[in-house]
file query-v4.tsv (TSV, C-alpha atoms (C1' of nucleotides))
chain	number	residue	atom	x	y	z
O	22	MET	CA	8.30	17.52	45.28
O	23	LEU	CA	10.86	15.64	47.29
O	24	ALA	CA	13.59	17.82	48.76
O	25	LEU	CA	16.60	15.98	47.41
O	26	THR	CA	19.35	18.50	46.81
O	27	ASP	CA	22.23	16.10	46.39
O	28	PHE	CA	20.76	13.48	44.04
O	29	SER	CA	23.66	13.57	41.58
O	30	ALA	CA	26.38	13.70	44.23
O	31	ARG	CA	24.90	10.74	46.08
O	32	LEU	CA	24.46	8.78	42.87
O	33	ILE	CA	28.01	9.44	41.69
O	34	ALA	CA	29.46	8.45	45.06
O	35	TRP	CA	27.41	5.25	45.05
O	36	GLN	CA	28.37	4.39	41.46
O	37	ARG	CA	32.10	4.72	42.08
O	38	ILE	CA	31.95	2.14	44.87
O	39	HIS	CA	29.00	-0.11	44.08
O	40	GLY	CA	28.34	0.40	40.36
O	41	ARG	CA	29.41	-1.77	37.44
O	42	HIS	CA	32.87	-1.06	36.06
O	43	ASP	CA	33.76	-4.04	33.89
O	44	LEU	CA	31.10	-4.33	31.21
O	45	PRO	CA	32.71	-4.86	27.78
O	46	TRP	CA	31.76	-1.36	26.56
O	47	GLN	CA	33.00	0.47	29.64
O	48	ASN	CA	36.46	1.96	30.24
O	49	THR	CA	36.63	3.42	26.74
O	50	ARG	CA	35.91	6.81	25.18
O	51	ASP	CA	35.68	5.22	21.72
O	52	ALA	CA	32.38	6.58	20.42
O	53	TYR	CA	32.09	3.69	17.95
O	54	ARG	CA	32.15	1.05	20.66
O	55	ILE	CA	29.86	3.04	22.92
O	56	TRP	CA	27.40	3.67	20.09
O	57	LEU	CA	27.37	-0.01	19.11
O	58	SER	CA	26.66	-1.09	22.68
O	59	GLU	CA	23.90	1.49	23.13
O	60	ILE	CA	22.09	0.39	19.97
O	61	MET	CA	22.32	-3.28	20.95
O	62	LEU	CA	21.11	-2.48	24.46
O	63	GLN	CA	17.92	-0.81	23.23
O	64	GLN	CA	15.14	-2.99	24.67
O	65	THR	CA	17.65	-5.78	25.13
O	66	GLN	CA	19.26	-7.06	28.31
O	67	VAL	CA	22.98	-6.90	29.04
O	68	SER	CA	23.47	-10.67	29.22
O	69	THR	CA	21.89	-11.10	25.79
O	70	VAL	CA	24.00	-8.37	24.21
O	71	ILE	CA	27.45	-9.43	25.44
O	72	PRO	CA	28.15	-12.27	22.95
O	73	TYR	CA	26.67	-10.29	20.02
O	74	TYR	CA	28.79	-7.28	20.93
O	75	ALA	CA	31.98	-9.37	20.92
O	76	ARG	CA	31.18	-10.97	17.55
O	77	PHE	CA	30.33	-7.59	16.02
O	78	LEU	CA	33.56	-5.93	17.15
O	79	GLU	CA	35.61	-8.84	15.92
O	80	ARG	CA	34.04	-8.67	12.47
O	81	PHE	CA	33.69	-4.85	12.38
O	82	PRO	CA	36.46	-3.28	14.50
O	83	THR	CA	35.85	0.24	13.18
O	84	VAL	CA	32.93	2.31	11.94
O	85	THR	CA	34.43	2.25	8.45
O	86	THR	CA	34.64	-1.54	8.25
O	87	LEU	CA	30.99	-1.64	9.28
O	88	ALA	CA	30.01	1.04	6.77
O	89	ASP	CA	31.73	-0.78	3.90
O	90	ALA	CA	30.28	-4.23	4.73
O	91	PRO	CA	27.32	-5.69	2.83
O	92	ILE	CA	24.04	-5.22	4.70
O	93	ASP	CA	23.46	-8.98	4.53
O	94	ASP	CA	26.60	-9.56	6.63
O	95	VAL	CA	25.32	-7.10	9.21
O	96	MET	CA	21.89	-8.76	9.30
O	97	ALA	CA	23.48	-12.21	9.69
O	98	LEU	CA	25.45	-11.05	12.75
O	99	TRP	CA	22.35	-9.36	14.18
O	100	ALA	CA	20.01	-12.33	13.64
O	101	GLY	CA	18.50	-13.39	16.97
O	102	LEU	CA	18.77	-9.98	18.65
O	103	GLY	CA	15.40	-8.77	17.41
O	104	TYR	CA	14.17	-5.30	16.43
O	105	TYR	CA	15.90	-5.67	13.06
O	106	SER	CA	15.35	-2.06	12.04
O	107	ARG	CA	18.13	-1.40	14.55
O	108	ALA	CA	20.56	-3.32	12.35
O	109	ARG	CA	19.49	-1.49	9.18
O	110	ASN	CA	19.79	1.88	10.96
O	111	LEU	CA	23.13	0.79	12.43
O	112	HIS	CA	24.49	0.18	8.94
O	113	ARG	CA	23.06	3.44	7.58
O	114	CYS	CA	24.44	5.36	10.56
O	115	ALA	CA	27.90	3.88	10.05
O	116	GLN	CA	27.82	4.99	6.41
O	117	VAL	CA	26.82	8.54	7.34
O	118	VAL	CA	29.56	8.75	10.00
O	119	ALA	CA	32.19	7.19	7.73
O	120	HIS	CA	31.41	9.16	4.61
O	121	GLU	CA	29.84	12.41	5.80
O	122	HIS	CA	31.62	12.97	9.12
O	123	GLY	CA	35.08	11.73	8.15
O	124	GLY	CA	34.75	8.63	10.27
O	125	ALA	CA	34.23	10.47	13.57
O	126	PHE	CA	30.96	10.64	15.47
O	127	PRO	CA	29.62	14.17	16.11
O	128	GLU	CA	30.00	15.25	19.75
O	129	THR	CA	26.74	17.01	20.58
O	130	VAL	CA	23.42	15.46	21.59
O	131	ASP	CA	21.55	17.28	18.82
O	132	ALA	CA	23.96	16.21	16.08
O	133	LEU	CA	24.02	12.62	17.34
O	134	ALA	CA	20.22	12.49	17.49
O	135	GLU	CA	20.04	13.29	13.77
O	136	LEU	CA	21.79	10.04	12.92
O	137	PRO	CA	19.70	6.95	11.99
O	138	GLY	CA	18.70	4.85	14.99
O	139	ILE	CA	19.87	7.42	17.55
O	140	GLY	CA	17.09	9.06	19.52
O	141	ARG	CA	17.17	11.49	22.41
O	142	SER	CA	18.20	9.02	25.11
O	143	THR	CA	20.82	7.15	23.09
O	144	ALA	CA	22.28	10.46	21.90
O	145	ALA	CA	22.65	11.51	25.54
O	146	ALA	CA	24.25	8.20	26.49
O	147	ILE	CA	26.84	8.46	23.71
O	148	ALA	CA	27.50	12.15	24.36
O	149	SER	CA	28.03	11.60	28.08
O	150	PHE	CA	30.04	8.37	27.87
O	151	ALA	CA	32.20	9.27	24.87
O	152	PHE	CA	32.51	13.04	25.22
O	153	GLY	CA	31.64	13.83	28.84
O	154	ALA	CA	28.69	15.97	27.78
O	155	ARG	CA	26.20	17.06	30.43
O	156	ALA	CA	23.09	15.35	29.05
O	157	THR	CA	20.56	13.03	30.60
O	158	ILE	CA	19.42	9.65	29.43
O	159	LEU	CA	15.86	8.43	30.02
O	160	ASP	CA	15.57	4.70	29.53
O	161	GLY	CA	13.54	2.03	31.27
O	162	ASN	CA	15.91	1.94	34.24
O	163	VAL	CA	15.84	5.68	34.75
O	164	LYS	CA	12.06	5.83	34.45
O	165	ARG	CA	11.75	3.19	37.16
O	166	VAL	CA	14.22	4.94	39.47
O	167	LEU	CA	12.57	8.34	39.04
O	168	ALA	CA	9.06	6.96	39.42
O	169	ARG	CA	10.03	5.36	42.71
O	170	VAL	CA	12.38	7.91	44.26
O	171	PHE	CA	10.21	10.90	43.37
O	172	GLY	CA	6.84	9.15	43.42
O	173	VAL	CA	5.93	9.86	39.81
O	174	ASP	CA	2.52	8.33	39.13
O	175	GLY	CA	1.15	7.24	35.75
O	176	PHE	CA	2.40	4.92	33.02
O	177	PRO	CA	5.81	6.21	31.79
O	178	GLY	CA	4.90	5.26	28.21
O	179	GLU	CA	2.22	7.94	28.31
O	180	LYS	CA	3.40	11.19	26.74
O	181	ARG	CA	2.44	13.44	29.64
O	182	VAL	CA	4.28	11.26	32.17
O	183	GLU	CA	7.32	10.86	29.95
O	184	ASN	CA	7.59	14.62	29.40
O	185	ALA	CA	7.49	15.18	33.16
O	186	MET	CA	10.26	12.61	33.58
O	187	TRP	CA	12.48	14.25	30.95
O	188	THR	CA	12.11	17.56	32.77
O	189	LEU	CA	12.84	15.93	36.12
O	190	ALA	CA	15.84	14.05	34.73
O	191	GLU	CA	17.29	17.24	33.23
O	192	SER	CA	16.93	19.03	36.56
O	193	LEU	CA	18.86	16.31	38.39
O	194	LEU	CA	22.02	16.51	36.28
O	195	PRO	CA	25.19	17.45	38.15
O	196	ASP	CA	26.12	21.04	37.32
O	197	ALA	CA	29.50	21.98	35.89
O	198	ALA	CA	30.62	18.40	36.20
O	199	GLU	CA	33.95	16.89	35.21
O	200	LYS	CA	33.82	14.35	32.40
O	201	GLU	CA	34.55	11.57	34.86
O	202	ASP	CA	31.62	12.70	36.99
O	203	VAL	CA	29.29	12.71	33.99
O	204	THR	CA	30.31	9.17	33.13
O	205	ALA	CA	29.81	7.98	36.71
O	206	TYR	CA	26.47	9.77	36.88
O	207	THR	CA	25.02	8.32	33.67
O	208	GLN	CA	26.38	4.88	34.51
O	209	GLY	CA	24.98	5.28	38.02
O	210	LEU	CA	21.47	5.87	36.70
O	211	MET	CA	21.72	2.66	34.68
O	212	ASP	CA	23.42	0.64	37.43
O	213	LEU	CA	20.98	1.62	40.15
O	214	GLY	CA	18.04	0.56	37.98
O	215	ALA	CA	19.74	-2.62	36.78
O	216	THR	CA	21.18	-3.90	40.06
O	217	LEU	CA	19.19	-2.47	43.02
O	218	CYS	CA	16.05	-0.72	41.84
O	219	VAL	CA	14.92	-3.72	39.81
O	220	ARG	CA	11.32	-4.38	38.89
O	221	GLY	CA	10.64	-7.46	41.00
O	222	LYS	CA	12.34	-7.21	44.40
O	223	PRO	CA	14.24	-3.94	44.75
O	224	ASP	CA	17.12	-4.09	47.23
O	225	CYS	CA	16.16	-0.93	49.10
O	226	ALA	CA	18.42	-1.79	52.01
O	227	ARG	CA	21.46	-1.09	49.84
O	228	CYS	CA	20.04	1.95	48.07
O	229	PRO	CA	21.59	5.38	48.71
O	230	PHE	CA	18.16	7.00	48.34
O	231	ALA	CA	16.25	4.67	50.66
O	232	PRO	CA	15.53	7.29	53.37
O	233	ASP	CA	14.11	9.73	50.79
O	234	CYS	CA	12.55	7.38	48.25
O	235	VAL	CA	8.78	7.82	48.03
O	236	ALA	CA	8.21	4.19	47.00
O	237	ASN	CA	10.37	2.85	49.84
O	238	VAL	CA	9.04	5.18	52.53
O	239	GLU	CA	5.43	4.52	51.53
O	240	GLY	CA	5.92	0.84	50.68
O	241	ARG	CA	4.81	1.36	47.09
O	242	GLN	CA	7.69	-0.37	45.26
O	243	ARG	CA	5.25	-2.73	43.60
O	244	GLU	CA	3.00	0.07	42.32
O	245	LEU	CA	5.75	2.27	40.89
O	246	PRO	CA	6.28	2.71	38.06
O	247	ALA	CA	2.68	2.19	36.93
O	248	ALA	CA	2.28	-0.81	34.64
O	249	ARG	CA	1.45	-0.64	30.95
O	250	PRO	CA	-2.32	-0.86	30.39
O	251	LYS	CA	-3.24	-4.41	29.36
O	252	LYS	CA	-4.20	-5.13	25.80
O	253	ALA	CA	-5.33	-8.37	24.18
O	254	VAL	CA	-2.81	-9.82	21.73
O	255	PRO	CA	-4.27	-11.21	18.47
O	256	THR	CA	-3.19	-14.53	16.95
O	257	ARG	CA	-2.06	-14.85	13.34
O	258	ASN	CA	-1.63	-18.08	11.39
O	259	THR	CA	0.89	-18.73	8.64
O	260	TRP	CA	2.10	-21.70	6.61
O	261	MET	CA	5.83	-21.96	5.92
O	262	LEU	CA	7.51	-23.93	3.16
O	263	VAL	CA	10.67	-25.94	3.79
O	264	LEU	CA	11.56	-26.77	0.19
O	265	LYS	CA	14.56	-29.09	-0.11
O	266	ASP	CA	16.85	-29.59	-3.06
O	267	GLY	CA	19.53	-31.99	-1.91
O	268	ASP	CA	21.10	-30.38	1.13
O	269	SER	CA	19.77	-26.92	0.34
O	270	ILE	CA	16.68	-25.06	1.53
O	271	LEU	CA	14.88	-22.30	-0.32
O	272	LEU	CA	15.04	-18.96	1.47
O	273	GLU	CA	13.21	-15.78	0.61
O	274	LYS	CA	14.28	-12.29	1.62
O	275	ARG	CA	11.66	-10.41	3.60
O	276	PRO	CA	10.82	-6.78	2.81
O	277	PRO	CA	12.89	-4.19	4.69
O	278	THR	CA	10.02	-3.14	6.96
O	279	GLY	CA	7.59	-5.13	9.07
O	280	ILE	CA	8.20	-8.32	11.01
O	281	TRP	CA	11.71	-9.73	10.47
O	282	GLY	CA	12.44	-6.91	8.03
O	283	GLY	CA	15.46	-7.62	5.84
O	284	LEU	CA	15.98	-11.15	7.13
O	285	TRP	CA	16.03	-14.34	5.11
O	286	SER	CA	13.06	-16.57	5.92
O	287	LEU	CA	10.96	-19.42	4.53
O	288	PRO	CA	8.36	-18.76	1.81
O	289	GLU	CA	4.96	-18.23	3.43
O	290	ALA	CA	1.28	-18.55	2.52
O	291	PRO	CA	-1.95	-17.78	4.38
O	292	ASP	CA	-3.23	-21.37	3.91
O	293	GLU	CA	-2.08	-24.83	2.83
O	294	ALA	CA	-3.50	-24.76	-0.72
O	295	THR	CA	-1.72	-21.52	-1.47
O	296	LEU	CA	1.48	-22.98	-0.04
O	297	VAL	CA	1.25	-25.94	-2.45
O	298	ALA	CA	1.00	-23.48	-5.33
O	299	VAL	CA	4.02	-21.61	-3.99
O	300	ALA	CA	5.98	-24.87	-3.79
O	301	GLN	CA	5.12	-25.78	-7.38
O	302	ASN	CA	6.15	-22.32	-8.56
O	303	PHE	CA	9.59	-23.04	-7.18
O	304	GLY	CA	9.73	-26.48	-8.84
O	305	GLY	CA	8.45	-28.40	-5.84
O	306	GLU	CA	6.28	-31.50	-5.83
O	307	ALA	CA	2.58	-31.18	-5.02
O	308	HIS	CA	2.80	-33.39	-1.93
O	309	LEU	CA	3.92	-31.55	1.22
O	310	GLU	CA	4.80	-33.38	4.40
O	311	ARG	CA	3.36	-32.03	7.63
O	312	LEU	CA	5.92	-30.96	10.24
O	313	ALA	CA	5.33	-30.17	13.90
O	314	PRO	CA	3.63	-26.76	14.25
O	315	LEU	CA	5.29	-24.12	16.35
O	316	SER	CA	4.11	-21.03	18.12
O	317	HIS	CA	6.00	-17.78	18.58
O	318	THR	CA	4.88	-14.90	20.78
O	319	PHE	CA	5.81	-11.33	19.91
O	320	THR	CA	5.15	-8.22	21.97
O	321	HIS	CA	1.97	-7.42	20.09
O	322	PHE	CA	0.72	-10.68	18.59
O	323	LYS	CA	1.08	-14.43	18.60
O	324	LEU	CA	2.17	-16.31	15.48
O	325	GLN	CA	1.13	-19.92	14.84
O	326	ILE	CA	3.38	-21.53	12.23
O	327	GLU	CA	2.40	-24.62	10.22
O	328	PRO	CA	5.59	-25.84	8.53
O	329	ARG	CA	5.42	-28.11	5.47
O	330	LEU	CA	8.31	-30.05	3.94
O	331	GLY	CA	8.55	-30.39	0.15
O	332	GLN	CA	11.04	-31.78	-2.35
O	333	ALA	CA	12.19	-29.84	-5.39
O	334	SER	CA	12.02	-31.96	-8.53
O	335	GLY	CA	11.10	-29.94	-11.61
O	336	ALA	CA	12.31	-26.64	-12.97
O	337	PRO	CA	10.96	-23.61	-11.14
O	338	ALA	CA	8.07	-21.89	-12.93
O	339	GLN	CA	9.01	-18.72	-11.12
O	340	ALA	CA	12.38	-17.21	-11.95
O	341	MET	CA	14.86	-17.08	-9.09
O	342	ASP	CA	15.87	-13.52	-8.30
O	343	ALA	CA	17.89	-11.52	-5.80
O	344	ALA	CA	15.19	-12.10	-3.17
O	345	THR	CA	15.44	-15.89	-3.42
O	346	VAL	CA	18.30	-18.23	-2.64
O	347	TRP	CA	19.08	-21.94	-2.19
O	348	ALA	CA	20.88	-22.05	1.14
O	349	PRO	CA	22.94	-25.10	2.18
O	350	LEU	CA	21.65	-26.27	5.57
O	351	SER	CA	25.22	-26.32	6.86
O	352	ARG	CA	25.64	-22.64	6.05
O	353	ILE	CA	22.34	-21.28	7.37
O	354	ASP	CA	24.34	-19.26	9.92
O	355	SER	CA	25.78	-17.04	7.20
O	356	PHE	CA	22.25	-15.82	6.44
O	357	GLY	CA	20.23	-13.65	8.75
O	358	VAL	CA	17.37	-15.97	9.75
O	359	PRO	CA	14.73	-15.17	12.43
O	360	ALA	CA	15.07	-17.12	15.67
O	361	PRO	CA	11.95	-19.33	15.30
O	362	VAL	CA	12.84	-20.26	11.72
O	363	ARG	CA	16.38	-20.97	12.81
O	364	LYS	CA	15.00	-23.29	15.50
O	365	LEU	CA	12.79	-25.05	12.98
O	366	LEU	CA	15.68	-25.61	10.57
O	367	ASP	CA	17.99	-26.75	13.36
O	368	ALA	CA	15.47	-29.41	14.40
O	369	LEU	CA	15.11	-30.46	10.78
O	370	THR	CA	18.85	-30.75	10.29
O	371	GLY	CA	19.03	-33.03	13.29
O	372	SER	CA	16.19	-35.30	12.18
O	373	LEU	CA	17.31	-35.60	8.57
O	374	ILE	CA	20.80	-36.80	9.34
I	21	DA	C1'	-0.34	10.44	20.74
I	22	DA	C1'	-0.41	5.80	19.46
I	23	DC	C1'	1.53	2.11	17.37
I	24	DA	C1'	5.05	-1.22	15.20
I	25	DC	C1'	8.94	-3.58	16.07
I	26	DG	C1'	11.81	-9.46	18.64
I	27	DG	C1'	13.87	-12.16	21.44
I	28	DG	C1'	15.16	-13.67	25.83
I	29	DG	C1'	15.43	-13.31	30.84
I	30	DA	C1'	12.93	-13.10	35.23
I	31	DT	C1'	9.07	-14.36	37.96
Q	18	DA	C1'	1.97	-17.38	30.91
Q	19	DT	C1'	3.16	-12.56	31.66
Q	20	DC	C1'	5.97	-8.61	32.03
Q	21	DC	C1'	9.73	-6.00	30.74
Q	22	DC	C1'	14.26	-4.64	28.96
Q	23	DA	C1'	20.53	0.88	28.08
Q	24	DG	C1'	14.07	3.16	22.53
Q	25	DT	C1'	13.43	4.69	17.75
Q	26	DG	C1'	10.80	5.59	13.69
Q	27	DT	C1'	6.44	5.94	11.47
Q	28	DT	C1'	1.76	7.22	11.12
call {"tool": "encode", "arguments": {"input": "query-v4.tsv", "output": "structure tokens"}}
result
Amino acid sequence: MLALTDFSARLIAWQRIHGRHDLPWQNTRDAYRIWLSEIMLQQTQVSTVIPYYARFLERFPTVTTLADAPIDDVMALWAGLGYYSRARNLHRCAQVVAHEHGGAFPETVDALAELPGIGRSTAAAIASFAFGARATILDGNVKRVLARVFGVDGFPGEKRVENAMWTLAESLLPDAAEKEDVTAYTQGLMDLGATLCVRGKPDCARCPFAPDCVANVEGRQRELPAARPKKAVPTRNTWMLVLKDGDSILLEKRPPTGIWGGLWSLPEAPDEATLVAVAQNFGGEAHLERLAPLSHTFTHFKLQIEPRLGQASGAPAQAMDAATVWAPLSRIDSFGVPAPVRKLLDALTGSLI
DNA sequence: AACACGGGGAT
DNA sequence: ATCCCAGTGTT
């Protein structure tokens, strides 16, 4: 193993001068704001999060206002960020904190990690940023930094490799650190990975670990960390119904789990004939107009969407319930609608005017 | 241990 | 088009 005895000291010194200090969720010890940012930043880049974070704080300034809000309001503000189970867990977590912890987040990693949506790494981030706890994060940035600096081989998503990285990360923590040092250290891990030790072209010339870094010394920046093993992504096909009644569109609430869980979307069918039956159930005419197909790629599969436009004329054969709503096109934003469906409806709004 | 879960940015 | 991102929860 690399003889690097001053990893934390070097990282802290670098962070204070060259790290990021003005992100919207920095310069606060408010656990609510830190927690909110950490959840939004799971698998999501900083630039994407910033506008969502501002809107969320404006609408929900405290954990209690979030806890007492309807879940549909939370989903609507989250729509477009992806990984919607995060939003459901966010709401559940706020309710637990507000009603079982008196509105204050617990201060230990273990207690934080018991809350919905908070795992080991996020618990450590909150504990270190909000409470100055000596705990290590292990996110994508840290895995990349460790893999390169210490020459850790193997795909970090593999259990054996990840376990080794947790152990390594724990061993690198500054000992008996001040709270300010802990903050600078945790932020430094993130900043180094986000600004210098990036995936594509790492800026090794500016890196404080360049002389010791295995990847830099051996010219293996491109090989470390090892890439995820390739896997073929399947294609799924679906037909979506845009059923119009005046200026309103029929939306259906998706089940809480699975793709777009808890969001409002268009009624779907596995083929066109079934979609016609669905339309008629909701009082639609038998003739459906073909709209331009669209394709949406997820991490693990590709979705081909065949949209069809129908007009509502008769009375619905199927009773409307809590999972069905006529949404005015002008107020689609107040519903949580998945990004591709939102795009489809936006294009439709433009062409129908 | 492996998989499900989104959308957007970077290349 | 492909990879990956301030990961967590379920199976």
call {"tool": "closest_residue", "arguments": {"input": "query-v4.tsv", "among": "O:Pro195, O:Pro288, O:Pro314, O:Gly214", "to": "DA23 (chain Q)", "atoms": "all atoms listed in the file"}}
result
O:Gly214
call {"tool": "interface_residues", "arguments": {"input": "query-v4.tsv", "of": "chain Q", "to": "chain O", "cutoff": "8 Å", "atoms": "only C-alpha atoms (C1' of nucleotides)", "output": "PDB file with C-alpha atoms (C1' of nucleotides), keeping the file's coordinate frame"}}
result
ATOM      1  C1'  DC Q  22      14.260  -4.640  28.960  1.00  0.00           C
ATOM      2  C1'  DA Q  23      20.530   0.880  28.080  1.00  0.00           C
ATOM      3  C1'  DG Q  24      14.070   3.160  22.530  1.00  0.00           C
ATOM      4  C1'  DT Q  25      13.430   4.690  17.750  1.00  0.00           C
TER       5       DT Q  25
END
call {"tool": "closest_atom_pairs", "arguments": {"input": "query-v4.tsv", "of": "region 171-248 of chain O", "to": "region 26-31 of chain I", "cutoff": "12 Å", "atoms": "all atoms listed in the file", "output": "Markdown table"}}
result
| residue | atom | partner | partner_atom | distance |
| --- | --- | --- | --- | --- |
| O:Val219 | CA | I:DA30 | C1' | 10.6 |
| O:Arg220 | CA | I:DA30 | C1' | 9.6 |
| O:Gly221 | CA | I:DT31 | C1' | 7.7 |
| O:Lys222 | CA | I:DT31 | C1' | 10.2 |
call {"tool": "closest_residue", "arguments": {"input": "query-v4.tsv", "among": "O:Ala134, O:Ala145, O:Leu217, O:Val235", "to": "Ile55 (chain O)", "atoms": "only C-alpha atoms"}}
result
O:Ala145
call {"tool": "residues_around", "arguments": {"input": "query-v4.tsv", "residues": "Gly153 (chain O)", "least_positions_apart": "2", "cutoff": "7 Å", "atoms": "only C-alpha atoms (C1' of nucleotides)", "output": "ChimeraX atom specification"}}
result
/O:148-151,155,200,203-204
call {"tool": "write_last_selection", "arguments": {"input": "query-v4.tsv", "atoms": "C-alpha atoms", "output": "mmCIF file, in the frame of the given file"}}
result
data_model
loop_
_atom_site.group_PDB
_atom_site.id
_atom_site.type_symbol
_atom_site.label_atom_id
_atom_site.label_comp_id
_atom_site.auth_asym_id
_atom_site.auth_seq_id
_atom_site.Cartn_x
_atom_site.Cartn_y
_atom_site.Cartn_z
ATOM 1 C CA ALA O 148 27.500 12.150 24.360
ATOM 2 C CA SER O 149 28.030 11.600 28.080
ATOM 3 C CA PHE O 150 30.040 8.370 27.870
ATOM 4 C CA ALA O 151 32.200 9.270 24.870
ATOM 5 C CA ARG O 155 26.200 17.060 30.430
ATOM 6 C CA LYS O 200 33.820 14.350 32.400
ATOM 7 C CA VAL O 203 29.290 12.710 33.990
ATOM 8 C CA THR O 204 30.310 9.170 33.130
#
call {"tool": "interface_residues", "arguments": {"input": "query-v4.tsv", "of": "chain O", "to": "chain I", "cutoff": "9 Å", "atoms": "all atoms listed in the file", "output": "list in words"}}
result
Thr65, Gln66, Ser68, Thr69, Gly101, Leu102, Gly103, Tyr104, Tyr105, Ser106, Glu179, Lys180, Gly221, Gly279, Ile280, Trp281, Phe319, Thr320, His321, Pro359 and Ala360 of chain O
call {"tool": "atom_distance", "arguments": {"input": "query-v4.tsv", "atom1": "CA of Pro82 (chain O)", "atom2": "CA of Asn48 (chain O)"}}
result
16.6 Å
call {"tool": "residues_near_point", "arguments": {"input": "query-v4.tsv", "point": "(-1.9, -15.0, 29.9)", "cutoff": "12 Å", "atoms": "only C-alpha atoms (C1' of nucleotides)", "output": "list in words"}}
result
Lys251, Lys252, Ala253, Val254, Thr318 and Lys323 of chain O; DA18, DT19 and DC20 of chain Q
call {"tool": "atom_distance", "arguments": {"input": "query-v4.tsv", "atom1": "CA of Ser29 (chain O)", "atom2": "CA of Asp233 (chain O)"}}
result
13.8 Å
call {"tool": "atom_distance", "arguments": {"input": "query-v4.tsv", "atom1": "CA of Asn184 (chain O)", "atom2": "CA of Asp202 (chain O)"}}
result
25.3 Å
call {"tool": "closest_residue", "arguments": {"input": "query-v4.tsv", "among": "O:Arg113, O:Val70, O:Trp56, O:Leu25", "to": "Ala144 (chain O)", "atoms": "only C-alpha atoms"}}
result
O:Trp56
call {"tool": "residues_around", "arguments": {"input": "query-v4.tsv", "residues": "Lys274 (chain O)", "least_positions_apart": "2", "cutoff": "7 Å", "atoms": "all atoms listed in the file", "output": "list in words"}}
result
Leu272, Pro276, Gly283, Leu284, Trp285, Ser286, Ala344 and Thr345 of chain O
call {"tool": "write_last_selection", "arguments": {"input": "query-v4.tsv", "atoms": "C-alpha atoms", "output": "mmCIF file, in the frame of the given file"}}
result
data_model
loop_
_atom_site.group_PDB
_atom_site.id
_atom_site.type_symbol
_atom_site.label_atom_id
_atom_site.label_comp_id
_atom_site.auth_asym_id
_atom_site.auth_seq_id
_atom_site.Cartn_x
_atom_site.Cartn_y
_atom_site.Cartn_z
ATOM 1 C CA LEU O 272 15.040 -18.960 1.470
ATOM 2 C CA PRO O 276 10.820 -6.780 2.810
ATOM 3 C CA GLY O 283 15.460 -7.620 5.840
ATOM 4 C CA LEU O 284 15.980 -11.150 7.130
ATOM 5 C CA TRP O 285 16.030 -14.340 5.110
ATOM 6 C CA SER O 286 13.060 -16.570 5.920
ATOM 7 C CA ALA O 344 15.190 -12.100 -3.170
ATOM 8 C CA THR O 345 15.440 -15.890 -3.420
#
call {"tool": "residues_around", "arguments": {"input": "query-v4.tsv", "residues": "Pro177 (chain O)", "least_positions_apart": "5", "cutoff": "10 Å", "atoms": "only C-alpha atoms (C1' of nucleotides)", "output": "list in words"}}
result
Gly161, Lys164, Arg165, Ala168, Val182, Glu183, Asn184, Ala185, Met186, Leu245, Pro246, Ala247, Ala248 and Arg249 of chain O
call {"tool": "residues_near_point", "arguments": {"input": "query-v4.tsv", "point": "(12.8, -23.6, 2.4)", "cutoff": "9 Å", "atoms": "all atoms listed in the file", "output": "PyMOL selection string"}}
result
chain O and resi 261-265+269-273+286-288+330-331+347-348+366
